[in-house]
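K.L.:
One structure is given below, represented as structure tokens, and several questions about it will come after.
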Amino acid sequence: EEDPSAQIYLKVFGNEVTFQNIDSALLKQIVREDSLAIPDIEQQLREGLETKMTKAALLADAYEGIPTSLGLPIYLGVMSVMVRKSEIGGKLTVSPRIFHEDRPIDKKGVSAIEASLSSIHSIAMQISGKLTIDARVIKFGAKRNISMNSVIPISSKVTMDPQNRQHKLIWETPEKEHKLLELRACPILF
């Protein structure tokens, strides 16, 4: 008899973004005696859950040599790398609490639902392009380095009143903290 296990992964454009191995200990924590531990999950959601992911990727690494009629080969090269980081957290509160013994018997309906989500996403990318002419005795050419950086914090809050059929949704992107795109380019002659 084997212990239960699972694997979850996500790929974008052939690059693995995230990979999670779920072993038997985690599955036993989630499922106890053939039933889900809903009160524990509800308590974790009330206190808040957070996750952080960081992933690096090589986007391009290309190199080409072109012969010329003068006998001076031209070499072209492009290299690009990227690092992505995400921090995501959230809370969910349902009033009155649904899966606890202390819930009043006379309150069968949900009176309020409040959910909040906050996240900070950042991406940094470096692109380097190089053109070289090889004159055997001396090499000369040009190189261009470009770096891009982006930081975007997003937070949202949803409040719902099911009895009165009302809801309120708030989205925030703080002006002082976000950097949509910062671009730097540096030419180099050699």
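FYI, nothing fancy with the structure tokens labels: chains A, B, ... in order, residues from 1 per chain, ligands from 1 as they appear.
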Find the spatial neighbours of range 142-150 of chain A, counting only C-alpha atoms, within a cut-off of 6 Å - ignore same-chain residues fewer than 2 positions away - and output them as number ranges by chain.

P.N.:
A: 122-131, 179-189

K.L.:
Leaving out Lys52 in chain A and any residue of its chain fewer than 2 positions from it, which residues lie within 9 Å of it when counting only C-alpha atoms, given as a PDB file with C-alpha atoms, in the first residue's frame?

P.N.:
```pdb
ATOM      1  CA  GLU A  50      -0.074  34.289   2.638  1.00  0.00           C
ATOM      2  CA  THR A  54       9.878  33.845  -6.897  1.00  0.00           C
ATOM      3  CA  LYS A  85       8.259  37.826  -7.497  1.00  0.00           C
ATOM      4  CA  SER A  86       4.716  37.744  -6.094  1.00  0.00           C
ATOM      5  CA  GLU A  87       3.493  38.097  -2.516  1.00  0.00           C
ATOM      6  CA  ILE A  88      -0.226  37.399  -2.077  1.00  0.00           C
ATOM      7  CA  GLY A  89      -2.292  37.367   1.108  1.00  0.00           C
TER       8      GLY A  89
END
```

K.L.:
As a CSV table (one decimal) with C-alpha atoms, in the first residue's frame, please: all residues of chain A that backbone DSSP puts in alpha helix (DSSP H).

P.N.:
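For reference, states-v4.csv as written:
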```csv
chain,number,residue,atom,x,y,z
A,24,SER,CA,0.8,12.2,2.4
A,25,ALA,CA,1.4,14.2,5.5
A,26,LEU,CA,-0.2,17.3,4.0
A,27,LEU,CA,-3.1,15.3,2.6
A,28,LYS,CA,-3.7,13.8,6.0
A,29,GLN,CA,-3.7,17.3,7.5
A,30,ILE,CA,-6.3,18.4,5.0
A,38,ILE,CA,-13.7,22.6,7.6
A,39,PRO,CA,-13.6,24.4,11.0
A,40,ASP,CA,-9.8,24.5,10.8
A,41,ILE,CA,-9.9,25.8,7.2
A,42,GLU,CA,-12.4,28.5,8.2
A,43,GLN,CA,-10.2,29.6,11.1
A,44,GLN,CA,-7.1,29.8,8.8
A,45,LEU,CA,-9.2,31.9,6.4
A,46,ARG,CA,-10.3,34.3,9.2
A,47,GLU,CA,-6.6,34.7,10.4
```

K.L.:
Would you kindly return, as a list in words, each protein, DNA or RNA residue with an atom no farther than 12 Å from any atom of Tyr9 in chain A, considering only C-alpha atoms and excluding same-chain residues fewer than 4 positions away?

P.N.:
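The neighbour list is Gly14, Asn15, Glu16, Val17, Thr18, Phe19, Gln20, Asn21 and Ile22 of chain A.
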
K.L.:
Might you pull out every residue within 12 Å of Lys139 in chain A, with only C-alpha atoms counted and same-chain residues fewer than 5 positions away left off, and present them as a PyMOL selection string?

P.N.:
chain A and resi 72-75+131-134+189-190

K.L.:
Write to file, as a PDB file, in the first residue's frame, the residues of the selection just made, with N, CA, C and O atoms.

P.N.:
```pdb
ATOM      1  N   LEU A  72      35.611  39.777 -42.795  1.00  0.00           N
ATOM      2  CA  LEU A  72      35.472  40.214 -41.402  1.00  0.00           C
ATOM      3  C   LEU A  72      34.108  39.740 -40.896  1.00  0.00           C
ATOM      4  O   LEU A  72      33.087  40.340 -41.220  1.00  0.00           O
ATOM      5  N   PRO A  73      34.060  38.669 -40.140  1.00  0.00           N
ATOM      6  CA  PRO A  73      32.756  38.172 -39.678  1.00  0.00           C
ATOM      7  C   PRO A  73      32.104  39.125 -38.674  1.00  0.00           C
ATOM      8  O   PRO A  73      32.770  39.784 -37.890  1.00  0.00           O
ATOM      9  N   ILE A  74      30.786  39.170 -38.749  1.00  0.00           N
ATOM     10  CA  ILE A  74      29.978  39.975 -37.826  1.00  0.00           C
ATOM     11  C   ILE A  74      29.268  38.995 -36.901  1.00  0.00           C
ATOM     12  O   ILE A  74      28.637  38.044 -37.355  1.00  0.00           O
ATOM     13  N   TYR A  75      29.393  39.243 -35.605  1.00  0.00           N
ATOM     14  CA  TYR A  75      28.742  38.399 -34.608  1.00  0.00           C
ATOM     15  C   TYR A  75      27.642  39.194 -33.920  1.00  0.00           C
ATOM     16  O   TYR A  75      27.855  40.318 -33.466  1.00  0.00           O
ATOM     17  N   LEU A 131      26.839  43.553 -30.911  1.00  0.00           N
ATOM     18  CA  LEU A 131      27.262  43.441 -32.292  1.00  0.00           C
ATOM     19  C   LEU A 131      28.779  43.575 -32.296  1.00  0.00           C
ATOM     20  O   LEU A 131      29.322  44.571 -31.823  1.00  0.00           O
ATOM     21  N   THR A 132      29.484  42.576 -32.806  1.00  0.00           N
ATOM     22  CA  THR A 132      30.944  42.581 -32.813  1.00  0.00           C
ATOM     23  C   THR A 132      31.440  42.293 -34.220  1.00  0.00           C
ATOM     24  O   THR A 132      30.933  41.387 -34.894  1.00  0.00           O
ATOM     25  N   ILE A 133      32.452  43.051 -34.666  1.00  0.00           N
ATOM     26  CA  ILE A 133      33.131  42.791 -35.935  1.00  0.00           C
ATOM     27  C   ILE A 133      34.546  42.343 -35.590  1.00  0.00           C
ATOM     28  O   ILE A 133      35.280  43.038 -34.888  1.00  0.00           O
ATOM     29  N   ASP A 134      34.905  41.173 -36.093  1.00  0.00           N
ATOM     30  CA  ASP A 134      36.198  40.582 -35.776  1.00  0.00           C
ATOM     31  C   ASP A 134      37.174  40.855 -36.924  1.00  0.00           C
ATOM     32  O   ASP A 134      37.071  40.273 -37.999  1.00  0.00           O
ATOM     33  N   LEU A 189      30.337  51.276 -26.480  1.00  0.00           N
ATOM     34  CA  LEU A 189      31.155  51.060 -27.662  1.00  0.00           C
ATOM     35  C   LEU A 189      32.481  50.459 -27.224  1.00  0.00           C
ATOM     36  O   LEU A 189      33.050  50.864 -26.213  1.00  0.00           O
ATOM     37  N   PHE A 190      32.976  49.502 -27.964  1.00  0.00           N
ATOM     38  CA  PHE A 190      34.263  48.907 -27.615  1.00  0.00           C
ATOM     39  C   PHE A 190      35.066  48.614 -28.870  1.00  0.00           C
ATOM     40  O   PHE A 190      34.569  48.630 -29.968  1.00  0.00           O
TER      41      PHE A 190
END
```

K.L.:
Calculated over only C-alpha atoms, which of the candidates A:Asp23, A:Ser95, A:Ala57, A:Glu64 has the smallest distance to Val83 in chain A?

P.N.:
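Ranking A:Asp23, A:Ser95, A:Ala57, A:Glu64 by distance to Val83 in chain A, first place goes to A:Ala57.
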
K.L.:
Determine, counting only C-alpha atoms, which protein, DNA and RNA residues have an atom within 8 Å of an atom of Ser111 in chain A; residues of the same chain fewer than 5 positions away are not included. Present the result as a PyMOL selection string.

P.N.:
chain A and resi 94-96+161-163

K.L.:
Between CA of Lys157 in chain A and CA of Glu114 in chain A, measure the distance and give it in Å to one decimal.

P.N.:
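CA of Glu114 in chain A lies 7.4 Å from CA of Lys157 in chain A.
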
K.L.:
Could you tell me how far CA of Leu76 in chain A sits from CA of Phe140 in chain A, in Å to one decimal place?

P.N.:
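Taking CA of Phe140 in chain A and CA of Leu76 in chain A, their separation equals 12.2 Å.
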
K.L.:
Write out as an MDAnalysis selection string each polymer residue whose atoms come within 8 Å of Ala115 in chain A, counting only C-alpha atoms; drop sequence neighbours fewer than 2 positions from it.

P.N.:
chainID A and resid 90:93 113 117 157:159

K.L.:
For Asp61 in chain A, please output as a list of chain:residue names all residues within 7 Å (counting only C-alpha atoms; exclusion window: fewer than 2 positions along the same chain).

P.N.:
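Listed by chain and then number, they are A:Tyr63, A:Val78, A:Met79, A:Ser80.
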
K.L.:
Rounded to one decimal in Å, what is the spacing between CA of Lys11 in chain A and CA of Ser118 in chain A?

P.N.:
23.7 Å

K.L.:
Restricting the calculation to only C-alpha atoms: of A:Ala135, A:Ala62, A:Ser116, A:Thr51, which residue gets closest to Ile170 in chain A?

P.N.:
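Looking at the shortest contact to Ile170 in chain A, the residue is A:Ser116.
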
K.L.:
If you run DSSP over the backbone, which residues in range 11-177 of chain A end up strand (DSSP E or B)? Put them as a ChimeraX atom specification.

P.N.:
/A:11-12,15-22,31-32,35-36,49-66,74-95,112-134,139-161,166-172
